[in-house]
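Following: one structure in structure tokens, then a few remarks.
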Amino acid sequence: MNAFNLDTTTVLNELNVNATNGLSNEQVLELKEKYGENKLQEKKKKSIVAKFFEQFKDVMIIILLIAAAVSFAIAIYEKNPGELFEPALILLIVVLNALMGVIQENKAEKALDALKNMSAPHARVIRDGVEKFISASELVPGDIILLEAGDFVPADARLLKSSSLKSEESALTGESVPTEKDATVIVKEDAPLGDRINMVYSGCSITYGSATAVVVNTGMNTEMGKIAGLLSGEEESETPLQQKLATLGKYLGIVALLACGVVFVIGLIEEMDFLEIFMTSVSLAVSAIPEGLPAIVTIVLSIGVQRMVKKNAIIRRLPAVETLGSASVICSDKTGTLTLNQMTLTKAFVDGEGEIENISTNNSEKVKLLLNYATLCSDGSIVVDGEKVTHLGDPTETAIVYASYKNGFTKDALNQKYPRLASIPFDSDRKLMSTVNEIDGKKIVIVKGAVDVMEARSIKGDYEVAKKMNEVMTSDALRVLAVGYKEIDELPSELTSETLENGLTFLGLVGMIDPPRQEAKEAVAVCREAGIKPVMITGDHVMTAKAIAKELGIYLEGDKAITGVELDAMSEDELDKEVEHISVYARVSPENKIRIVKAWQRKGQVVSMTGDGVNDAPALKAADIGCAMGITGTDVAKGAADMTLTDDNFATIVDAVKEGRGIYANIKKVVGFLLGTNVGEIFTVLFAMIIFTVRPLESMQLLWINLVTDSLPAIALGMEAVEAGVMKQKPKPKTEGLFAHGMAARIIIQGLLFGTLSILAYYLGTVMGGEHIHGQTLAFFVLAFCQIVQAYNMRSERSLFKIGPFGNKMLNLAAITTTVLMAFVLFVPGVQNAFGLVYLPF
């Protein structure tokens, strides 16, 4: 049943309830059995232990565990307890990775918990003809509820009676202004949520007036419940980086097995000792697996997270840092994200004047009079504390009061000088508000309201010009109010619309809007230069959204702006064809937002979604990266998002994208560096087996290079500064691998170079020293120091001398530390023996 599309009598009949007496206790028990409690359901939560073991499904983690098992086998085989250090270190890395994963996952569960907390704890109902307070969880469809200003709405309900009712629904619809409600209206069946003015919704609040309503949906059937269902049903997708590392892990495993197979066959052909062949194969497996890679990538991402915190962005999921750098589409909520989420009076027109005047701190005397009259006819107020301005009451009225304040008039001073004698509050039937003030010894009636209504009540003023000015303002998406006045001799005995709100003199128009952020406009321009498509998604009206999008540079010539109803009418194929041409979506539902995100994802785009309301949460979770607003954002949005912007500034996203691109470039450098050295190790062991049928390096020596000599320079590479011009490049395609742009060829060439040098070193060491151990020592020395030099080579694709060879201070420190550690292993007698090395003459 679409209650908003039916009259109240039909709704009551459908629900089998009497509006005066409400449900009987018997009906309540029966309905509770049918519909259950008015609560949001949640999935059965996984235990901490289950979450912990789930972290071990990752391919790179499995490879690390294999490396630990291999290292442990070597230690047992060689009966050397000192060699147990390596497997212990690997296991420590694995456990730390798993613990971090569990912590991040626990944070995600807070989204649904926050949503549950938004439900009203109590409700005022009529049952068996008696008014009573009950727990909101006990409500059932058919319950008659009473609402007044300040109440949370406990369930979705159809209004039966309403008096000047306004409901704050921005969490559901994204609208910054409370919605005026009217019980008598019957809404079209295809009306979007924000236009269903005869309904109130669970989790929203009443800001003005009072109402009687009948509950039509409870629990998971409410609009809030549907969002909870979308949240729990939307699985978190793997980030591009996670997918690429998983693929890399599989390839490394295959390479390790193939290399081991080749060595095993060579050993058998050469009739080598079986155990010797096995240990050589193990050495090769160890050399093929970059044990430190997952841990180093985690460290690099963590460093990126710390950098982003300084730039007002908090990351909830580590791999999301890199995903941001890949973003090719940013779907942004309008209210509070691209705009200030604060109605602001920007233009005024005074009757008899030829032009519209922009609001400033020093307007003309006639505009000041208009603003002051409108302020006197307002109940809203502002509190100014230094630079902080707090708006109290209806945003439309506080915008008027603030405009007057900027011109040097406080509301308190105006009320004191021109005291209010009487008033008729605003209501949605009249669309007017009136006050009677004593001004200069005269009783002046001041009326403000909708332009068309005011015209019918006025006897003086040029409304033909006013209507043209109204059209100019509304075409810029401004909300326009008219102000009029008249003088009376005495207050009427009965204050009614008939006695006060007619025979008016038209004074002027005021236009207001939730204005776009200036920094958002600049950020949109940077996005376009960086090849990122900005898209506005909002619950607001399409004309308002389009005007703001035009001003920000989101809506360009040839683009389209559509509503949620038009989107619902489109098939998936139609949406896929049109999605690249649509820049603005207005009056959309949470389901619409997910469709938009997924349509872009089907195009192979990496989609970022920004938002602050409950209605944004499912799409935030479905997007490749969700960005929630930290100040205006609901806990639900923050819990569903990957990143929270602490300053609610769209421009911060641009900084985060820049940082993300830099981090991805650094991860590529790290992967290239580590794999180049690993390929070098594989070639060294493989060539030595083919040429000399010996192991040129022991497993312990290879582990030292992989875990110690490689790791410090790799971490330092991850801290490389973001290169200039990174935001002038197009986003990398979602399908682009880590080895694109010739990186795979470079890794193989570098590996061949390292392998050749190491084999040459082994040969020279063996010839000069006379023994196999001398060759191993020199090969170990050469391979390790090749990698220290290679770390500098990996800093940039440009010449090292153009960026400054020693510009990365952390890499300089890592190189020195690694050199000291190598000297410790090579020259300290006890340690030297443990690693199977000897002292070499100069």
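Labels for the structure tokens follow display order: chains A, B, ..., residues from 1 in each chain, ligands from 1.
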
Quick check for you: according to DSSP on this backbone, which residues of segment 497-746 of chain A are classed as strand (DSSP E)? Reply as a VMD selection string. chain A and resid 504 to 513 533 to 537 560 to 563 582 to 586 607 to 611 625 to 629 643 to 645

Mind listing the alpha helix (DSSP H) residues of segment 567-623 of chain A, per DSSP on the backbone, as a PDB file with N, CA and C atoms, in the first residue's frame?
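Result written to out.pdb:
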ATOM      1  N   LEU A 567      15.195   8.290 -13.712  1.00  0.00           N
ATOM      2  CA  LEU A 567      16.189   7.223 -13.572  1.00  0.00           C
ATOM      3  C   LEU A 567      15.497   5.871 -13.365  1.00  0.00           C
ATOM      4  N   ASP A 568      14.431   5.861 -12.548  1.00  0.00           N
ATOM      5  CA  ASP A 568      13.674   4.621 -12.301  1.00  0.00           C
ATOM      6  C   ASP A 568      13.090   4.066 -13.599  1.00  0.00           C
ATOM      7  N   GLU A 572      18.753  -0.940 -17.231  1.00  0.00           N
ATOM      8  CA  GLU A 572      20.199  -0.945 -16.989  1.00  0.00           C
ATOM      9  C   GLU A 572      20.957  -0.595 -18.275  1.00  0.00           C
ATOM     10  N   ASP A 573      20.493  -1.143 -19.412  1.00  0.00           N
ATOM     11  CA  ASP A 573      21.154  -0.857 -20.695  1.00  0.00           C
ATOM     12  C   ASP A 573      21.060   0.625 -21.060  1.00  0.00           C
ATOM     13  N   GLU A 574      19.861   1.206 -20.847  1.00  0.00           N
ATOM     14  CA  GLU A 574      19.673   2.639 -21.145  1.00  0.00           C
ATOM     15  C   GLU A 574      20.568   3.493 -20.259  1.00  0.00           C
ATOM     16  N   LEU A 575      20.646   3.122 -18.957  1.00  0.00           N
ATOM     17  CA  LEU A 575      21.489   3.876 -18.016  1.00  0.00           C
ATOM     18  C   LEU A 575      22.957   3.767 -18.430  1.00  0.00           C
ATOM     19  N   ASP A 576      23.389   2.574 -18.825  1.00  0.00           N
ATOM     20  CA  ASP A 576      24.780   2.379 -19.246  1.00  0.00           C
ATOM     21  C   ASP A 576      25.130   3.253 -20.447  1.00  0.00           C
ATOM     22  N   LYS A 577      24.161   3.453 -21.364  1.00  0.00           N
ATOM     23  CA  LYS A 577      24.388   4.293 -22.553  1.00  0.00           C
ATOM     24  C   LYS A 577      24.462   5.775 -22.188  1.00  0.00           C
ATOM     25  N   GLU A 578      23.645   6.179 -21.210  1.00  0.00           N
ATOM     26  CA  GLU A 578      23.502   7.605 -20.886  1.00  0.00           C
ATOM     27  C   GLU A 578      24.411   8.092 -19.752  1.00  0.00           C
ATOM     28  N   PRO A 590      18.014   6.205  -2.073  1.00  0.00           N
ATOM     29  CA  PRO A 590      19.251   5.442  -1.811  1.00  0.00           C
ATOM     30  C   PRO A 590      19.510   4.369  -2.874  1.00  0.00           C
ATOM     31  N   GLU A 591      18.424   3.719  -3.343  1.00  0.00           N
ATOM     32  CA  GLU A 591      18.587   2.686  -4.383  1.00  0.00           C
ATOM     33  C   GLU A 591      19.107   3.297  -5.680  1.00  0.00           C
ATOM     34  N   ASN A 592      18.620   4.510  -6.009  1.00  0.00           N
ATOM     35  CA  ASN A 592      19.094   5.213  -7.215  1.00  0.00           C
ATOM     36  C   ASN A 592      20.604   5.450  -7.139  1.00  0.00           C
ATOM     37  N   LYS A 593      21.066   5.854  -5.966  1.00  0.00           N
ATOM     38  CA  LYS A 593      22.484   6.188  -5.795  1.00  0.00           C
ATOM     39  C   LYS A 593      23.365   4.965  -6.059  1.00  0.00           C
ATOM     40  N   ILE A 594      22.922   3.806  -5.580  1.00  0.00           N
ATOM     41  CA  ILE A 594      23.685   2.581  -5.818  1.00  0.00           C
ATOM     42  C   ILE A 594      23.693   2.241  -7.304  1.00  0.00           C
ATOM     43  N   ARG A 595      22.554   2.427  -7.985  1.00  0.00           N
ATOM     44  CA  ARG A 595      22.480   2.156  -9.433  1.00  0.00           C
ATOM     45  C   ARG A 595      23.479   3.028 -10.200  1.00  0.00           C
ATOM     46  N   ILE A 596      23.570   4.295  -9.805  1.00  0.00           N
ATOM     47  CA  ILE A 596      24.476   5.231 -10.484  1.00  0.00           C
ATOM     48  C   ILE A 596      25.925   4.776 -10.297  1.00  0.00           C
ATOM     49  N   VAL A 597      26.274   4.461  -9.050  1.00  0.00           N
ATOM     50  CA  VAL A 597      27.645   4.010  -8.742  1.00  0.00           C
ATOM     51  C   VAL A 597      27.983   2.761  -9.560  1.00  0.00           C
ATOM     52  N   LYS A 598      27.048   1.808  -9.584  1.00  0.00           N
ATOM     53  CA  LYS A 598      27.325   0.533 -10.268  1.00  0.00           C
ATOM     54  C   LYS A 598      27.352   0.684 -11.784  1.00  0.00           C
ATOM     55  N   ALA A 599      26.581   1.642 -12.315  1.00  0.00           N
ATOM     56  CA  ALA A 599      26.619   1.895 -13.764  1.00  0.00           C
ATOM     57  C   ALA A 599      28.007   2.385 -14.171  1.00  0.00           C
ATOM     58  N   TRP A 600      28.582   3.278 -13.378  1.00  0.00           N
ATOM     59  CA  TRP A 600      29.939   3.761 -13.665  1.00  0.00           C
ATOM     60  C   TRP A 600      30.956   2.626 -13.513  1.00  0.00           C
ATOM     61  N   GLN A 601      30.757   1.786 -12.486  1.00  0.00           N
ATOM     62  CA  GLN A 601      31.691   0.674 -12.273  1.00  0.00           C
ATOM     63  C   GLN A 601      31.664  -0.309 -13.443  1.00  0.00           C
ATOM     64  N   ARG A 602      30.470  -0.495 -14.037  1.00  0.00           N
ATOM     65  CA  ARG A 602      30.369  -1.374 -15.213  1.00  0.00           C
ATOM     66  C   ARG A 602      31.146  -0.805 -16.400  1.00  0.00           C
ATOM     67  N   ALA A 617      24.611   6.395   2.840  1.00  0.00           N
ATOM     68  CA  ALA A 617      25.412   5.284   3.376  1.00  0.00           C
ATOM     69  C   ALA A 617      25.515   4.070   2.451  1.00  0.00           C
ATOM     70  N   PRO A 618      24.396   3.547   1.876  1.00  0.00           N
ATOM     71  CA  PRO A 618      24.543   2.359   1.019  1.00  0.00           C
ATOM     72  C   PRO A 618      25.437   2.608  -0.194  1.00  0.00           C
ATOM     73  N   ALA A 619      25.321   3.793  -0.801  1.00  0.00           N
ATOM     74  CA  ALA A 619      26.151   4.105  -1.966  1.00  0.00           C
ATOM     75  C   ALA A 619      27.605   4.329  -1.561  1.00  0.00           C
ATOM     76  N   LEU A 620      27.820   4.893  -0.367  1.00  0.00           N
ATOM     77  CA  LEU A 620      29.187   5.061   0.144  1.00  0.00           C
ATOM     78  C   LEU A 620      29.871   3.702   0.263  1.00  0.00           C
ATOM     79  N   LYS A 621      29.089   2.715   0.689  1.00  0.00           N
ATOM     80  CA  LYS A 621      29.637   1.364   0.874  1.00  0.00           C
ATOM     81  C   LYS A 621      29.828   0.658  -0.464  1.00  0.00           C
ATOM     82  N   ALA A 622      28.929   0.913  -1.427  1.00  0.00           N
ATOM     83  CA  ALA A 622      28.998   0.246  -2.737  1.00  0.00           C
ATOM     84  C   ALA A 622      30.117   0.815  -3.602  1.00  0.00           C
TER      85      ALA A 622
END

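When only C-alpha atoms are used to compute distances to Val510 of chain A, the closest of the residues A:Asp462, A:Glu365, A:Asp351, A:Glu551 turns out to be A:Asp351.
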
Find the nearest atom pair between each residue of segment 630-688 of chain A and segment 722-732 of chain A for residues within 9 Å, count only C-alpha atoms, give distances in Å to one decimal, sort rows by chain and ascending number, and present the table as JSON lines.
{"residue": "A:Val654", "atom": "CA", "partner": "A:Met727", "partner_atom": "CA", "distance": 8.9}
{"residue": "A:Val657", "atom": "CA", "partner": "A:Met727", "partner_atom": "CA", "distance": 8.4}
{"residue": "A:Lys658", "atom": "CA", "partner": "A:Met727", "partner_atom": "CA", "distance": 6.3}
{"residue": "A:Glu659", "atom": "CA", "partner": "A:Val722", "partner_atom": "CA", "distance": 6.9}
{"residue": "A:Arg661", "atom": "CA", "partner": "A:Val726", "partner_atom": "CA", "distance": 7.1}
{"residue": "A:Gly662", "atom": "CA", "partner": "A:Val722", "partner_atom": "CA", "distance": 4.6}
{"residue": "A:Ile663", "atom": "CA", "partner": "A:Val722", "partner_atom": "CA", "distance": 7.6}
{"residue": "A:Ala665", "atom": "CA", "partner": "A:Val722", "partner_atom": "CA", "distance": 8.3}
{"residue": "A:Asn666", "atom": "CA", "partner": "A:Val722", "partner_atom": "CA", "distance": 8.4}

For the atom pair atom CA of Gly441 of chain A and atom CA of Ser364 of chain A, what is the interatomic distance in Å to one decimal place? 24.3 Å

Would you pick out the contacts of Ile266 of chain A at 9 Å or less, using only C-alpha atoms, so that residues sharing its chain but fewer than 4 positions from it are not included, and give the list as a PDB file with N, CA, C and O atoms, in the first residue's frame?
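For reference, around_16.pdb as written:
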ATOM      1  N   GLY A 261      60.956 -26.622  -9.916  1.00  0.00           N
ATOM      2  CA  GLY A 261      60.893 -27.792 -10.806  1.00  0.00           C
ATOM      3  C   GLY A 261      62.110 -27.874 -11.715  1.00  0.00           C
ATOM      4  O   GLY A 261      62.704 -28.952 -11.897  1.00  0.00           O
ATOM      5  N   VAL A 262      62.504 -26.726 -12.290  1.00  0.00           N
ATOM      6  CA  VAL A 262      63.667 -26.677 -13.181  1.00  0.00           C
ATOM      7  C   VAL A 262      64.924 -27.119 -12.435  1.00  0.00           C
ATOM      8  O   VAL A 262      65.709 -27.944 -12.919  1.00  0.00           O
ATOM      9  N   GLU A 270      72.086 -34.137 -13.184  1.00  0.00           N
ATOM     10  CA  GLU A 270      73.494 -34.063 -12.780  1.00  0.00           C
ATOM     11  C   GLU A 270      73.830 -35.063 -11.670  1.00  0.00           C
ATOM     12  O   GLU A 270      74.962 -35.102 -11.176  1.00  0.00           O
ATOM     13  N   GLU A 271      72.813 -35.843 -11.243  1.00  0.00           N
ATOM     14  CA  GLU A 271      72.978 -36.871 -10.187  1.00  0.00           C
ATOM     15  C   GLU A 271      73.516 -36.277  -8.887  1.00  0.00           C
ATOM     16  O   GLU A 271      74.391 -36.829  -8.226  1.00  0.00           O
ATOM     17  N   MET A 272      72.964 -35.100  -8.533  1.00  0.00           N
ATOM     18  CA  MET A 272      73.318 -34.462  -7.256  1.00  0.00           C
ATOM     19  C   MET A 272      72.623 -35.184  -6.106  1.00  0.00           C
ATOM     20  O   MET A 272      71.649 -35.912  -6.304  1.00  0.00           O
ATOM     21  N   ILE A 277      69.572 -31.253  -3.572  1.00  0.00           N
ATOM     22  CA  ILE A 277      68.621 -30.732  -4.574  1.00  0.00           C
ATOM     23  C   ILE A 277      67.431 -30.085  -3.865  1.00  0.00           C
ATOM     24  O   ILE A 277      66.991 -28.983  -4.222  1.00  0.00           O
ATOM     25  N   MET A 689      73.174 -23.172 -10.707  1.00  0.00           N
ATOM     26  CA  MET A 689      72.847 -24.593 -10.822  1.00  0.00           C
ATOM     27  C   MET A 689      73.182 -25.103 -12.228  1.00  0.00           C
ATOM     28  O   MET A 689      73.701 -26.210 -12.391  1.00  0.00           O
ATOM     29  N   ILE A 690      72.841 -24.263 -13.246  1.00  0.00           N
ATOM     30  CA  ILE A 690      73.077 -24.683 -14.633  1.00  0.00           C
ATOM     31  C   ILE A 690      74.581 -24.711 -14.944  1.00  0.00           C
ATOM     32  O   ILE A 690      75.094 -25.646 -15.555  1.00  0.00           O
ATOM     33  N   THR A 693      76.409 -26.239 -10.995  1.00  0.00           N
ATOM     34  CA  THR A 693      75.659 -27.266 -10.223  1.00  0.00           C
ATOM     35  C   THR A 693      75.935 -27.149  -8.725  1.00  0.00           C
ATOM     36  O   THR A 693      76.191 -28.129  -8.039  1.00  0.00           O
TER      37      THR A 693
END

Contact residues around Met543 of chain A with only C-alpha atoms at 8 Å, ignoring same-chain residues under 3 positions, as JSON, numbers by chain: {"A": [475, 477, 546, 547]}

Test item: residues at most 9 Å from segment 753-768 of chain A, only C-alpha atoms, excluding those fewer than 3 positions along its chain, as a PyMOL selection string: chain A and resi 676-677+679-685+687-688+696+748-750+771-783+786-787+840

The residue from A:Lys638, A:Ala256, A:Ser332, A:Asn437 with the smallest atom-to-atom distance to Ala549 of chain A, counting only C-alpha atoms, is A:Ser332

Non-local contacts of Asn38 of chain A (8 Å; only C-alpha atoms; under 5 positions in same chain excluded) as JSON, numbers by chain: {"A": [136, 137, 138, 139, 140, 155, 218, 219, 220]}

Would you mind telling me which residue in A:Thr337, A:Thr396, A:Ser571, A:Thr474 lies nearest to Met609 of chain A when using only C-alpha atoms?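 Closest residue, counting only C-alpha atoms: A:Thr337.
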